[in-house]
$ cat input30.txt   # compact mmCIF, C-alpha atoms
# COMPACT_ATOMS: atom_id res chain seq x y z
CA MET Y 1 2.97 27.72 -0.61
CA LEU Y 2 -0.06 25.40 -0.55
CA ARG Y 3 -2.98 25.82 -2.88
CA LEU Y 4 -5.98 23.90 -4.06
CA ILE Y 5 -6.50 23.44 -7.76
CA ARG Y 6 -9.14 21.71 -9.84
CA ARG Y 7 -7.86 19.54 -12.66
CA PRO Y 8 -8.82 16.38 -14.56
CA ALA Y 9 -7.32 13.08 -13.44
CA TYR Y 10 -4.45 11.76 -15.54
CA PRO Y 11 -4.73 8.18 -16.86
CA GLY Y 12 -4.02 5.68 -14.12
CA GLU Y 13 -4.13 8.25 -11.30
CA LEU Y 14 -5.27 6.88 -7.96
CA ASN Y 15 -8.96 7.62 -7.54
CA HIS Y 16 -8.69 9.68 -4.36
CA GLU Y 17 -12.41 10.46 -4.53
CA LEU Y 18 -13.17 6.74 -4.19
CA VAL Y 19 -10.33 5.20 -2.17
CA TRP Y 20 -10.18 7.57 0.82
CA PRO Y 21 -13.95 7.87 1.40
CA ALA Y 22 -14.12 4.04 1.22
CA ALA Y 23 -11.23 3.78 3.71
CA PHE Y 24 -12.86 6.39 5.98
CA LEU Y 25 -16.30 4.76 5.91
CA GLY Y 26 -14.74 1.30 6.33
CA GLY Y 27 -12.73 2.58 9.30
CA ALA Y 28 -15.82 4.21 10.81
CA VAL Y 29 -17.81 0.95 10.53
CA PHE Y 30 -14.86 -0.96 12.01
CA ALA Y 31 -14.61 1.50 14.94
CA TRP Y 32 -18.34 1.34 15.54
CA GLY Y 33 -18.22 -2.48 15.58
CA TRP Y 34 -15.16 -2.47 17.81
CA PHE Y 35 -16.73 -0.19 20.41
CA LEU Y 36 -20.00 -2.15 20.22
CA SER Y 37 -18.17 -5.42 20.97
CA GLY Y 38 -16.81 -3.86 24.17
CA LEU Y 39 -13.26 -4.95 23.35
CA GLN Y 40 -10.36 -3.00 24.79
CA LEU Y 41 -7.11 -2.29 22.97
CA PRO Y 42 -4.01 -3.58 24.75
CA GLN Y 43 -1.89 -1.04 26.60
CA CYS Y 44 0.64 0.73 24.39
CA PHE Y 45 4.00 -1.06 24.36
CA PHE Y 46 5.93 2.24 24.23
CA MET Y 47 3.93 3.58 27.19
CA ARG Y 48 4.57 0.38 29.14
CA LEU Y 49 8.30 0.61 28.48
CA THR Y 50 8.89 4.34 28.92
CA GLY Y 51 5.92 5.65 30.86
CA LEU Y 52 5.43 8.26 28.13
CA PRO Y 53 2.71 8.18 25.46
CA CYS Y 54 3.58 7.37 21.86
CA LEU Y 55 2.29 9.49 18.98
CA GLY Y 56 -0.76 7.23 18.64
CA CYS Y 57 -1.72 7.23 22.33
CA GLY Y 58 -5.11 8.80 22.97
CA GLY Y 59 -6.31 7.93 19.47
CA THR Y 60 -8.77 5.29 20.69
CA ARG Y 61 -10.16 7.62 23.36
CA CYS Y 62 -10.45 10.33 20.70
CA ALA Y 63 -12.35 7.92 18.42
CA ARG Y 64 -14.61 6.82 21.28
CA ASN Y 65 -15.49 10.47 22.02
CA LEU Y 66 -16.04 11.16 18.34
CA VAL Y 67 -18.49 8.23 18.17
CA HIS Y 68 -20.31 9.81 21.15
CA LEU Y 69 -20.13 13.23 19.41
CA ASP Y 70 -18.10 14.77 22.24
CA PHE Y 71 -15.86 16.77 19.90
CA GLY Y 72 -14.15 18.94 22.53
CA GLN Y 73 -12.94 15.99 24.57
CA ALA Y 74 -11.99 14.12 21.38
CA PHE Y 75 -9.77 17.02 20.32
CA LEU Y 76 -8.05 17.14 23.70
CA PHE Y 77 -7.26 13.42 23.68
CA HIS Y 78 -5.61 13.44 20.24
CA PRO Y 79 -5.67 16.67 18.18
CA GLY Y 80 -3.93 14.99 15.23
CA PHE Y 81 -6.39 12.13 14.96
CA PHE Y 82 -9.26 14.60 15.40
CA LEU Y 83 -7.90 16.68 12.51
CA VAL Y 84 -7.43 13.62 10.29
CA VAL Y 85 -10.96 12.40 10.96
CA THR Y 86 -12.40 15.88 10.35
CA LEU Y 87 -10.52 16.23 7.06
CA ALA Y 88 -11.52 12.69 6.03
CA ALA Y 89 -15.15 13.48 6.78
CA LEU Y 90 -14.93 16.71 4.74
CA TRP Y 91 -13.23 14.81 1.89
CA THR Y 92 -15.98 12.18 1.99
CA ILE Y 93 -18.65 14.90 1.72
CA TYR Y 94 -16.74 16.54 -1.15
CA SER Y 95 -16.40 13.13 -2.86
CA ALA Y 96 -20.11 12.48 -2.53
CA VAL Y 97 -20.82 15.85 -4.21
CA PHE Y 98 -18.19 15.04 -6.86
CA TRP Y 99 -19.87 11.72 -7.73
CA ILE Y 100 -23.40 13.12 -7.62
CA ARG Y 101 -22.45 16.01 -9.92
CA ARG Y 102 -20.45 13.65 -12.18
CA ASP Y 103 -17.72 16.26 -12.14
CA THR Y 104 -14.67 15.89 -14.39
CA LEU Y 105 -12.36 18.24 -12.48
CA ARG Y 106 -10.90 16.92 -9.26
CA LEU Y 107 -9.71 18.90 -6.24
CA ARG Y 108 -5.99 18.53 -5.60
CA LEU Y 109 -3.55 20.10 -3.14
CA VAL Y 110 -0.46 21.53 -4.80
CA VAL Y 111 2.74 22.23 -2.88
CA ASP Y 112 5.06 24.84 -4.31
CA PRO Y 113 8.44 23.03 -4.70
CA ALA Y 114 10.23 26.11 -3.32
CA TYR Y 115 8.41 25.70 0.00
CA SER Y 116 8.44 21.91 0.30
CA ARG Y 117 11.48 21.88 2.62
CA ARG Y 118 9.96 24.48 4.92
CA LEU Y 119 6.71 22.57 4.99
CA ARG Y 120 8.52 19.35 5.97
CA ILE Y 121 10.30 21.16 8.81
CA ALA Y 122 6.99 22.69 9.93
CA PHE Y 123 5.40 19.23 9.89
CA VAL Y 124 8.15 17.77 12.08
CA CYS Y 125 7.83 20.72 14.50
CA LEU Y 126 4.08 20.13 14.62
CA LEU Y 127 4.64 16.45 15.47
CA VAL Y 128 6.99 17.43 18.31
CA ALA Y 129 4.45 19.95 19.62
CA HIS Y 130 1.74 17.31 19.35
CA TRP Y 131 3.79 14.81 21.32
CA ALA Y 132 4.52 17.44 23.98
CA TRP Y 133 0.77 18.01 24.32
CA GLN Y 134 0.17 14.25 24.59
CA CYS Y 135 2.87 13.94 27.26
CA TYR Y 136 1.16 16.70 29.23
CA TYR Y 137 -2.48 15.74 28.78
CA LEU Y 138 -2.32 11.94 28.89
CA THR Y 139 -0.02 11.69 31.91
CA ARG Y 140 -1.76 14.27 34.11
CA MET A 1 2.11 29.31 -16.32
CA GLN A 2 2.99 26.08 -14.48
CA ILE A 3 2.53 22.76 -16.27
CA HIS A 4 1.71 19.46 -14.55
CA VAL A 5 3.50 16.42 -16.04
CA ALA A 6 2.63 12.73 -15.52
CA ARG A 7 4.07 9.45 -16.78
CA ASN A 8 2.75 5.89 -16.40
CA SER A 9 0.14 6.59 -13.71
CA ALA A 10 2.38 8.85 -11.62
CA GLN A 11 2.78 12.61 -11.49
CA LEU A 12 6.33 13.80 -12.11
CA GLY A 13 5.66 17.29 -10.76
CA ILE A 14 4.84 20.83 -11.76
CA PHE A 15 7.27 22.64 -14.03
CA ALA A 16 7.77 25.93 -15.86
CA PRO A 17 7.68 25.77 -19.72
CA GLU A 18 11.44 26.50 -19.85
CA GLU A 19 12.16 23.52 -17.59
CA ILE A 20 10.09 21.27 -19.85
CA ILE A 21 11.91 22.44 -23.00
CA ALA A 22 15.26 21.75 -21.28
CA GLY A 23 13.95 18.42 -19.99
CA LEU A 24 12.78 17.30 -23.41
CA GLN A 25 16.18 18.08 -24.86
CA SER A 26 18.07 16.32 -22.05
CA GLY A 27 15.81 13.27 -22.03
CA ARG A 28 14.34 13.98 -18.58
CA PHE A 29 10.90 14.26 -20.19
CA LEU A 30 9.52 12.22 -23.07
CA ALA A 31 7.27 13.45 -25.84
CA SER A 32 4.79 10.79 -24.68
CA ASP A 33 4.60 12.22 -21.13
CA LEU A 34 1.17 13.60 -20.38
CA ALA A 35 0.83 17.26 -19.44
CA TRP A 36 -1.90 19.58 -18.23
CA ARG A 37 -2.22 23.26 -17.42
CA ASP A 38 -5.02 25.41 -16.12
CA GLY A 39 -7.87 25.73 -18.60
CA MET A 40 -7.33 22.41 -20.38
CA ALA A 41 -10.09 19.78 -20.29
CA VAL A 42 -7.82 16.71 -20.54
CA TRP A 43 -4.15 15.72 -20.27
CA SER A 44 -2.31 15.50 -23.57
CA PRO A 45 1.19 14.27 -24.58
CA LEU A 46 3.95 16.88 -24.49
CA GLY A 47 4.74 16.02 -28.11
CA ASP A 48 1.32 17.37 -29.11
CA TRP A 49 1.92 20.77 -27.51
CA PRO A 50 2.87 23.29 -30.24
CA GLU A 51 5.41 25.07 -28.01
CA PHE A 52 7.27 21.80 -27.24
CA ARG A 53 7.18 20.14 -30.66
CA VAL A 54 10.56 21.54 -31.71
CA ALA A 55 12.19 20.60 -28.42
CA SER A 56 10.92 17.02 -28.48
CA VAL A 57 12.32 16.25 -31.94
CA PRO A 58 15.93 14.97 -31.80
CA THR A 59 18.49 17.22 -33.48
CA SER A 60 19.50 14.45 -35.88
CA PRO A 61 18.49 10.85 -36.65
CA GLY A 62 21.88 9.82 -35.23
CA ALA A 63 21.02 11.40 -31.90
CA LEU A 64 17.86 9.27 -31.72
CA LEU A 65 19.82 6.09 -32.43
CA ALA A 66 22.47 6.97 -29.87
CA ALA A 67 19.90 7.62 -27.15
CA PRO A 68 19.91 4.88 -24.48
CA VAL A 69 16.38 3.60 -24.99
CA THR A 70 16.45 0.76 -22.45
CA ALA A 71 18.60 2.27 -19.69
CA SER A 72 17.15 1.12 -16.37
CA MET A 73 16.63 3.80 -13.73
CA ILE A 74 16.19 1.22 -10.96
CA PRO A 75 19.16 1.24 -8.55
CA TRP A 76 18.90 -2.54 -7.90
CA GLU A 77 19.41 -3.22 -11.63
CA GLN A 78 22.40 -0.88 -11.75
CA GLY A 79 24.24 -2.63 -8.92
CA LYS A 80 23.51 -4.98 -6.03
CA SER A 81 24.21 -3.52 -2.61
CA LEU A 82 22.31 -2.68 0.56
CA GLY A 83 22.32 0.95 -0.53
CA SER A 84 20.79 0.15 -3.91
CA PHE A 85 18.25 -2.10 -2.16
CA PHE A 86 16.94 0.74 0.01
CA ALA A 87 17.20 3.22 -2.88
CA THR A 88 14.96 0.87 -4.89
CA MET A 89 12.55 0.61 -1.96
CA LYS A 90 12.36 4.40 -1.80
CA LEU A 91 11.93 4.69 -5.56
CA ALA A 92 9.15 2.07 -5.57
CA ALA A 93 7.29 3.76 -2.73
CA VAL A 94 7.76 7.39 -3.77
CA SER A 95 8.04 7.31 -7.55
CA PRO A 96 6.73 4.00 -8.92
CA ALA A 97 6.56 5.44 -12.45
CA SER A 98 10.35 5.08 -12.67
CA LEU A 99 9.96 1.29 -12.39
CA SER A 100 8.70 1.17 -15.97
CA THR A 101 12.30 1.57 -17.17
CA GLY A 102 13.42 -1.71 -15.56
CA ARG A 103 14.61 -4.84 -17.38
CA PHE A 104 13.04 -7.16 -14.76
CA ALA A 105 15.20 -10.24 -15.07
CA PHE A 106 13.97 -13.00 -12.76
CA GLY A 107 17.30 -13.63 -11.01
CA ASP A 108 17.73 -9.96 -10.02
CA TRP A 109 14.37 -9.77 -8.31
CA LEU A 110 14.55 -13.19 -6.69
CA ALA A 111 17.72 -11.96 -4.99
CA PHE A 112 15.90 -8.72 -4.09
CA CYS A 113 13.11 -10.66 -2.40
CA TYR A 114 15.63 -12.77 -0.44
CA VAL A 115 17.36 -9.58 0.77
CA ALA A 116 13.97 -8.22 1.91
CA LEU A 117 13.31 -11.45 3.82
CA ALA A 118 16.79 -11.38 5.37
CA ILE A 119 16.13 -7.83 6.62
CA SER A 120 12.75 -8.90 8.02
CA ALA A 121 14.31 -11.96 9.76
CA PRO A 122 15.15 -10.13 13.04
CA PHE A 123 11.48 -9.14 13.30
CA GLN A 124 10.57 -12.81 12.86
CA VAL A 125 12.92 -13.66 15.72
CA VAL A 126 11.14 -11.11 17.93
CA ARG A 127 7.81 -12.66 16.94
CA LEU A 128 9.09 -16.11 17.89
CA ALA A 129 10.32 -14.75 21.22
CA PHE A 130 6.96 -13.15 22.04
CA ALA A 131 4.64 -15.74 20.53
CA PRO A 132 6.32 -19.12 19.97
CA ASP A 133 2.88 -20.69 19.59
CA PRO A 134 0.73 -18.41 17.36
CA GLY A 135 -2.30 -20.71 17.76
CA ARG A 136 -2.37 -20.08 21.49
CA SER A 137 -2.08 -16.29 21.01
CA VAL A 138 -4.99 -16.33 18.53
CA ALA A 139 -7.05 -18.44 20.98
CA GLU A 140 -6.37 -15.97 23.79
CA PHE A 141 -7.41 -13.13 21.48
CA LEU A 142 -10.66 -14.91 20.54
CA GLN A 143 -11.48 -15.40 24.22
CA GLY A 144 -11.86 -11.63 24.48
CA PHE A 145 -15.03 -11.76 22.36
CA SER A 146 -18.39 -12.38 23.98
CA SER A 147 -19.66 -14.61 21.13
CA PRO A 148 -20.18 -18.23 22.34
CA ALA A 149 -19.15 -19.58 18.91
CA LEU A 150 -15.78 -17.80 19.10
CA GLN A 151 -15.36 -18.89 22.73
CA ALA A 152 -15.87 -22.52 21.62
CA VAL A 153 -13.27 -22.13 18.85
CA ALA A 154 -10.84 -20.58 21.34
CA GLU A 155 -11.35 -23.44 23.82
CA GLN A 156 -10.80 -25.98 21.06
CA MET A 157 -7.57 -24.26 20.07
CA LEU A 158 -6.34 -24.10 23.66
CA LYS A 159 -7.05 -27.81 24.17
CA SER A 160 -4.85 -28.84 21.24
CA PRO A 161 -1.23 -29.59 22.26
CA PRO A 162 1.18 -26.66 21.76
CA THR A 163 3.46 -26.73 18.73
CA PRO A 164 7.02 -27.68 19.77
CA ILE A 165 9.32 -24.65 19.57
CA GLY A 166 11.77 -26.61 17.41
CA LEU A 167 9.08 -27.25 14.84
CA THR A 168 8.03 -23.57 14.88
CA ILE A 169 11.63 -22.45 14.28
CA PHE A 170 12.10 -25.08 11.56
CA SER A 171 8.89 -24.09 9.75
CA THR A 172 9.82 -20.38 9.98
CA VAL A 173 13.29 -21.00 8.50
CA ILE A 174 11.92 -23.22 5.73
CA GLY A 175 9.19 -20.64 5.10
CA LEU A 176 11.79 -17.88 4.71
CA ALA A 177 13.94 -20.06 2.43
CA PHE A 178 11.12 -20.95 0.04
CA ALA A 179 8.94 -17.85 0.34
CA PRO A 180 10.30 -15.99 -2.75
CA LEU A 181 9.77 -19.10 -4.88
CA ILE A 182 6.21 -19.39 -3.57
CA TYR A 183 5.61 -15.70 -4.39
CA ALA A 184 7.01 -16.32 -7.87
CA GLY A 185 4.67 -19.29 -8.25
CA CYS A 186 1.73 -17.13 -7.16
CA ALA A 187 2.56 -14.71 -9.99
CA LEU A 188 1.93 -17.39 -12.63
CA PRO A 189 -1.88 -17.50 -12.23
CA HIS A 190 -1.80 -13.70 -12.40
CA TRP A 191 0.07 -13.90 -15.71
CA VAL A 192 -2.64 -16.28 -16.98
CA GLY A 193 -5.22 -13.71 -15.88
CA GLN A 194 -3.37 -11.03 -17.86
CA ARG A 195 -3.41 -13.26 -20.94
CA VAL A 196 -7.16 -13.80 -20.55
CA PHE A 197 -7.59 -10.03 -20.76
CA ARG A 198 -5.16 -9.90 -23.71
CA ILE A 199 -2.55 -7.94 -21.79
CA GLN A 200 0.86 -8.69 -23.28
CA VAL A 201 3.32 -8.82 -20.40
CA SER A 202 5.99 -11.54 -20.35
CA VAL A 203 5.99 -14.21 -17.63
CA GLU A 204 9.41 -13.09 -16.44
CA ARG A 205 8.34 -9.46 -16.08
CA THR A 206 5.14 -10.42 -14.26
CA VAL A 207 7.03 -12.67 -11.84
CA ALA A 208 9.81 -10.13 -11.29
CA ALA A 209 7.28 -7.33 -10.71
CA THR A 210 5.51 -9.53 -8.15
CA LEU A 211 8.80 -10.18 -6.35
CA LEU A 212 9.60 -6.46 -6.31
CA ALA A 213 6.19 -5.42 -4.95
CA THR A 214 6.18 -8.29 -2.44
CA GLY A 215 9.70 -7.39 -1.28
CA LEU A 216 8.47 -3.85 -0.62
CA LEU A 217 5.48 -5.15 1.35
CA ILE A 218 7.71 -7.48 3.39
CA ILE A 219 9.81 -4.52 4.52
CA VAL A 220 6.81 -2.26 5.18
CA MET A 221 4.92 -4.90 7.17
CA ALA A 222 7.93 -6.40 9.03
CA PRO A 223 7.75 -4.01 12.03
CA PHE A 224 4.21 -5.27 12.72
CA GLN A 225 5.82 -8.50 13.93
CA LEU A 226 6.90 -6.47 16.97
CA LEU A 227 3.23 -6.36 17.98
CA SER A 228 3.07 -10.14 18.24
CA PHE A 229 2.95 -9.88 22.03
CA ASN A 230 -0.71 -9.10 21.39
CA VAL A 231 -2.50 -10.65 18.40
CA GLY A 232 -5.39 -8.18 18.76
CA ALA A 233 -3.11 -5.19 18.37
CA GLN A 234 -1.39 -6.87 15.43
CA ILE A 235 -4.70 -7.53 13.65
CA VAL A 236 -5.96 -3.98 14.26
CA VAL A 237 -2.78 -2.25 13.08
CA SER A 238 -2.38 -4.59 10.09
CA SER A 239 -6.02 -3.94 9.13
CA LEU A 240 -5.47 -0.19 9.25
CA PHE A 241 -2.44 -0.53 6.98
CA PHE A 242 -4.12 -2.98 4.63
CA ILE A 243 -5.60 -0.48 2.16
CA PRO A 244 -2.48 1.77 1.93
CA ALA A 245 -0.34 -1.38 1.56
CA MET A 246 -2.55 -2.58 -1.31
CA VAL A 247 -2.29 0.86 -2.95
CA VAL A 248 1.52 0.79 -2.73
CA TYR A 249 1.64 -2.83 -3.93
CA PHE A 250 -0.52 -2.33 -7.02
CA ARG A 251 1.05 1.02 -7.92
CA CYS A 252 4.46 -0.69 -8.01
CA PHE A 253 3.16 -3.77 -9.74
CA GLY A 254 1.24 -1.71 -12.31
CA ALA A 255 4.21 0.53 -13.07
CA ALA A 256 6.63 -2.41 -13.33
CA THR A 257 4.37 -4.27 -15.76
CA GLY A 258 3.31 -1.13 -17.64
CA VAL A 259 -0.37 -1.80 -16.95
CA SER A 260 -2.85 0.34 -15.00
CA PRO A 261 -2.78 -0.53 -11.27
CA TRP A 262 -6.58 -0.71 -11.28
CA LYS A 263 -6.50 -3.33 -14.07
CA GLN A 264 -3.92 -5.36 -12.17
CA PHE A 265 -6.00 -5.10 -9.00
CA GLY A 266 -9.08 -6.32 -10.87
CA ILE A 267 -7.18 -9.20 -12.51
CA SER A 268 -5.66 -10.21 -9.18
CA ASN A 269 -9.07 -10.29 -7.48
CA LEU A 270 -10.60 -12.27 -10.32
CA VAL A 271 -7.74 -14.78 -10.46
CA TRP A 272 -7.80 -15.44 -6.71
CA PHE A 273 -11.59 -15.64 -6.71
CA VAL A 274 -11.47 -18.28 -9.47
CA LEU A 275 -8.63 -20.15 -7.73
CA CYS A 276 -10.50 -20.18 -4.42
CA CYS A 277 -13.57 -21.52 -6.22
CA CYS A 278 -11.49 -24.28 -7.84
CA CYS A 279 -9.51 -25.13 -4.69
CA CYS A 280 -12.29 -24.99 -2.11
CA PHE A 281 -15.72 -25.15 -3.66
CA LEU A 282 -15.06 -27.68 -6.41
CA PRO A 283 -13.60 -30.40 -4.11
CA MET A 284 -16.39 -29.61 -1.64
CA MET A 285 -19.01 -30.12 -4.36
CA VAL A 286 -17.32 -33.40 -5.36
CA ALA A 287 -17.12 -34.51 -1.74
CA ILE A 288 -20.81 -33.78 -1.20
CA GLY A 289 -21.97 -34.81 -4.67
CA LEU A 290 -20.37 -38.29 -4.87
CA PRO A 291 -22.00 -39.76 -1.74
CA ALA A 292 -25.30 -38.16 -2.78
CA MET A 293 -25.08 -39.80 -6.23
CA LYS A 294 -24.19 -43.17 -4.65
CA ALA A 295 -27.19 -42.86 -2.33
CA LEU A 296 -29.43 -42.05 -5.29
CA GLY A 297 -28.01 -45.07 -7.21
CA ARG A 298 -29.02 -47.36 -4.37

$ encode --input "input30.txt" --output "structure tokens"
Amino acid sequence: MLRLIRRPAYPGELNHELVWPAAFLGGAVFAWGWFLSGLQLPQCFFMRLTGLPCLGCGGTRCARNLVHLDFGQAFLFHPGFFLVVTLAALWTIYSAVFWIRRDTLRLRLVVDPAYSRRLRIAFVCLLVAHWAWQCYYLTR
Amino acid sequence: MQIHVARNSAQLGIFAPEEIIAGLQSGRFLASDLAWRDGMAVWSPLGDWPEFRVASVPTSPGALLAAPVTASMIPWEQGKSLGSFFATMKLAAVSPASLSTGRFAFGDWLAFCYVALAISAPFQVVRLAFAPDPGRSVAEFLQGFSSPALQAVAEQMLKSPPTPIGLTIFSTVIGLAFAPLIYAGCALPHWVGQRVFRIQVSVERTVAATLLATGLLIIVMAPFQLLSFNVGAQIVVSSLFFIPAMVVYFRCFGAATGVSPWKQFGISNLVWFVLCCCCCFLPMMVAIGLPAMKALGR
């Protein structure tokens, strides 16, 4: 269904080993600066209108807990954001190794076309489950 | 064994050898498409693969002549409608490699950019409703910072008289009316940059590609206008989307001009850096230098 392969980059392929670590590190520096400045994000517009959290609600609290290395609480506030940050951190470490080793083969995720529909449905179900968790945890 | 196929900086997918043979015969794949399978060190054109050589050669010279060489796969160039507009948007975002088949006539893509702006217009109306005076919103945002310098700037902005709503609406409408022409004008320095690097892309194609990529960005970024009730939130969300938006923009632009997106990104940065130097630093040097020379002359 999903598998990791190692292959050379084709000409003109986006340099995932450079772009995403740069975006992750840039985002981390931005978050650090943001929390240092003591600024607060405005209240979510969706939350203000409906009283329910949107899919992004809890992300800032998750990031704040991640900065303070409270991983358990960070996960509870926003499991999706926690997962993205964890994967981005792992990808950054892999990219660092890739550049240090001057590797020619790059790690890529391959989706079997026969399963792509099922994976999309699973992803949507996961989003719904995630939102249900947010509705429970953030409105307690 | 599965074979990975790529064309013009985009991966077409993973296919079985039988699919590739059928695709080469039907025209779905080209002999120049790059392919790779497990164990190979580099990607190589399908035409160089021994097992596909027979399939990639046309059955007769007549078949080669009859093949539609310049058929555009871009829906907007096949017919103008709202459906083809969104189909083009999808194509540009998901499969930018297909853009390389386009004719890129200026008129087509000017109209495309106007349609994108027309679709984004309701978002502009919401922005005007929430923040009729953007200067005031920015000042209120700056007041949130503890820095005295920013506080001073915010106070200065708040002291200035508010822009009349009529003038704001007028400038927004005029902005929307002339925006595509301004974008087209901005593409000209980029074309000069391409020429400096000896990249042969026509002016029309460069301008049309700019209008296409900008039209896509207008649609992608339009919902952010809904955050105009809070400038801080708008800046944060726009910043987060900045890098992905640049990736999408240059992938489209690169595919439409047939040049590597990285090259186009580099040229764009260089051109704007040079322009900023000419527009800002040069007059500043003249402004500072002339009085200094006069003083020395005395």

$ interface_residues --input "input30.txt" --of "chain Y" --to "chain A" --cutoff "7 Å" --atoms "only C-alpha atoms" --output "ChimeraX atom specification"
/Y:8,10-13,39,41-42

$ residues_near_point --input "input30.txt" --point "(-17.3, 12.7, -5.9)" --cutoff "12 Å" --atoms "all atoms listed in the file" --output "list in words"
Asn15, His16, Glu17, Leu18, Val19, Trp20, Pro21, Ala22, Leu90, Trp91, Thr92, Ile93, Tyr94, Ser95, Ala96, Val97, Phe98, Trp99, Ile100, Arg101, Arg102, Asp103, Thr104, Leu105, Arg106 and Leu107 of chain Y

$ write_last_selection --input "input30.txt" --atoms "C-alpha atoms" --output "short mmCIF file (atom, residue, chain, number, x, y, z; two decimals), in the frame of the given file"
data_model
loop_
_atom_site.label_atom_id
_atom_site.label_comp_id
_atom_site.auth_asym_id
_atom_site.auth_seq_id
_atom_site.Cartn_x
_atom_site.Cartn_y
_atom_site.Cartn_z
CA ASN Y 15 -8.96 7.62 -7.54
CA HIS Y 16 -8.69 9.68 -4.36
CA GLU Y 17 -12.41 10.46 -4.53
CA LEU Y 18 -13.17 6.74 -4.19
CA VAL Y 19 -10.33 5.20 -2.17
CA TRP Y 20 -10.18 7.57 0.82
CA PRO Y 21 -13.95 7.87 1.40
CA ALA Y 22 -14.12 4.04 1.22
CA LEU Y 90 -14.93 16.71 4.74
CA TRP Y 91 -13.23 14.81 1.89
CA THR Y 92 -15.98 12.18 1.99
CA ILE Y 93 -18.65 14.90 1.72
CA TYR Y 94 -16.74 16.54 -1.15
CA SER Y 95 -16.40 13.13 -2.86
CA ALA Y 96 -20.11 12.48 -2.53
CA VAL Y 97 -20.82 15.85 -4.21
CA PHE Y 98 -18.19 15.04 -6.86
CA TRP Y 99 -19.87 11.72 -7.73
CA ILE Y 100 -23.40 13.12 -7.62
CA ARG Y 101 -22.45 16.01 -9.92
CA ARG Y 102 -20.45 13.65 -12.18
CA ASP Y 103 -17.72 16.26 -12.14
CA THR Y 104 -14.67 15.89 -14.39
CA LEU Y 105 -12.36 18.24 -12.48
CA ARG Y 106 -10.90 16.92 -9.26
CA LEU Y 107 -9.71 18.90 -6.24
#

$ atom_distance --input "input30.txt" --atom1 "atom CA of Leu126 of chain Y" --atom2 "atom CA of Gly56 of chain Y"
14.4 Å

$ residues_around --input "input30.txt" --residues "segment 114-121 of chain Y" --least-positions-apart "5" --cutoff "10 Å" --atoms "all atoms listed in the file" --output "list in words"
Met1, Leu2, Leu126 and Leu127 of chain Y

$ atom_distance --input "input30.txt" --atom1 "atom CA of Tyr136 of chain Y" --atom2 "atom CA of Val237 of chain A"
25.2 Å

$ residues_around --input "input30.txt" --residues "Leu4 of chain Y" --least-positions-apart "2" --cutoff "9 Å" --atoms "only C-alpha atoms" --output "ChimeraX atom specification"
/Y:2,6,107-111

$ write_last_selection --input "input30.txt" --atoms "C-alpha atoms" --output "mmCIF file, in the coordinates of the input"
data_model
loop_
_atom_site.group_PDB
_atom_site.id
_atom_site.type_symbol
_atom_site.label_atom_id
_atom_site.label_comp_id
_atom_site.auth_asym_id
_atom_site.auth_seq_id
_atom_site.Cartn_x
_atom_site.Cartn_y
_atom_site.Cartn_z
ATOM 1 C CA LEU Y 2 -0.060 25.400 -0.550
ATOM 2 C CA ARG Y 6 -9.140 21.710 -9.840
ATOM 3 C CA LEU Y 107 -9.710 18.900 -6.240
ATOM 4 C CA ARG Y 108 -5.990 18.530 -5.600
ATOM 5 C CA LEU Y 109 -3.550 20.100 -3.140
ATOM 6 C CA VAL Y 110 -0.460 21.530 -4.800
ATOM 7 C CA VAL Y 111 2.740 22.230 -2.880
#

$ atom_distance --input "input30.txt" --atom1 "atom CA of Val196 of chain A" --atom2 "atom CA of Ala9 of chain Y"
27.8 Å

$ closest_residue --input "input30.txt" --among "A:Leu188, A:Val274, A:Ile219, A:Ile21" --to "Met89 of chain A" --atoms "all atoms listed in the file"
A:Ile219

$ residues_around --input "input30.txt" --residues "Gly58 of chain Y" --least-positions-apart "4" --cutoff "7 Å" --atoms "all atoms listed in the file" --output "number ranges by chain"
Y: 62, 77-78

$ residues_around --input "input30.txt" --residues "Ala28 of chain Y" --least-positions-apart "2" --cutoff "12 Å" --atoms "only C-alpha atoms" --output "PyMOL selection string"
(chain Y and resi 20-26+30-35+63-64+66-67+85+88-89+92) or (chain A and resi 240)

$ closest_residue --input "input30.txt" --among "A:Ala121, A:Met246, A:Ala116, A:Ala93" --to "Gly215 of chain A" --atoms "all atoms listed in the file"
A:Ala116

$ closest_residue --input "input30.txt" --among "A:Gln225, A:Leu216, A:Gln194, A:Val173" --to "Lys90 of chain A" --atoms "only C-alpha atoms"
A:Leu216
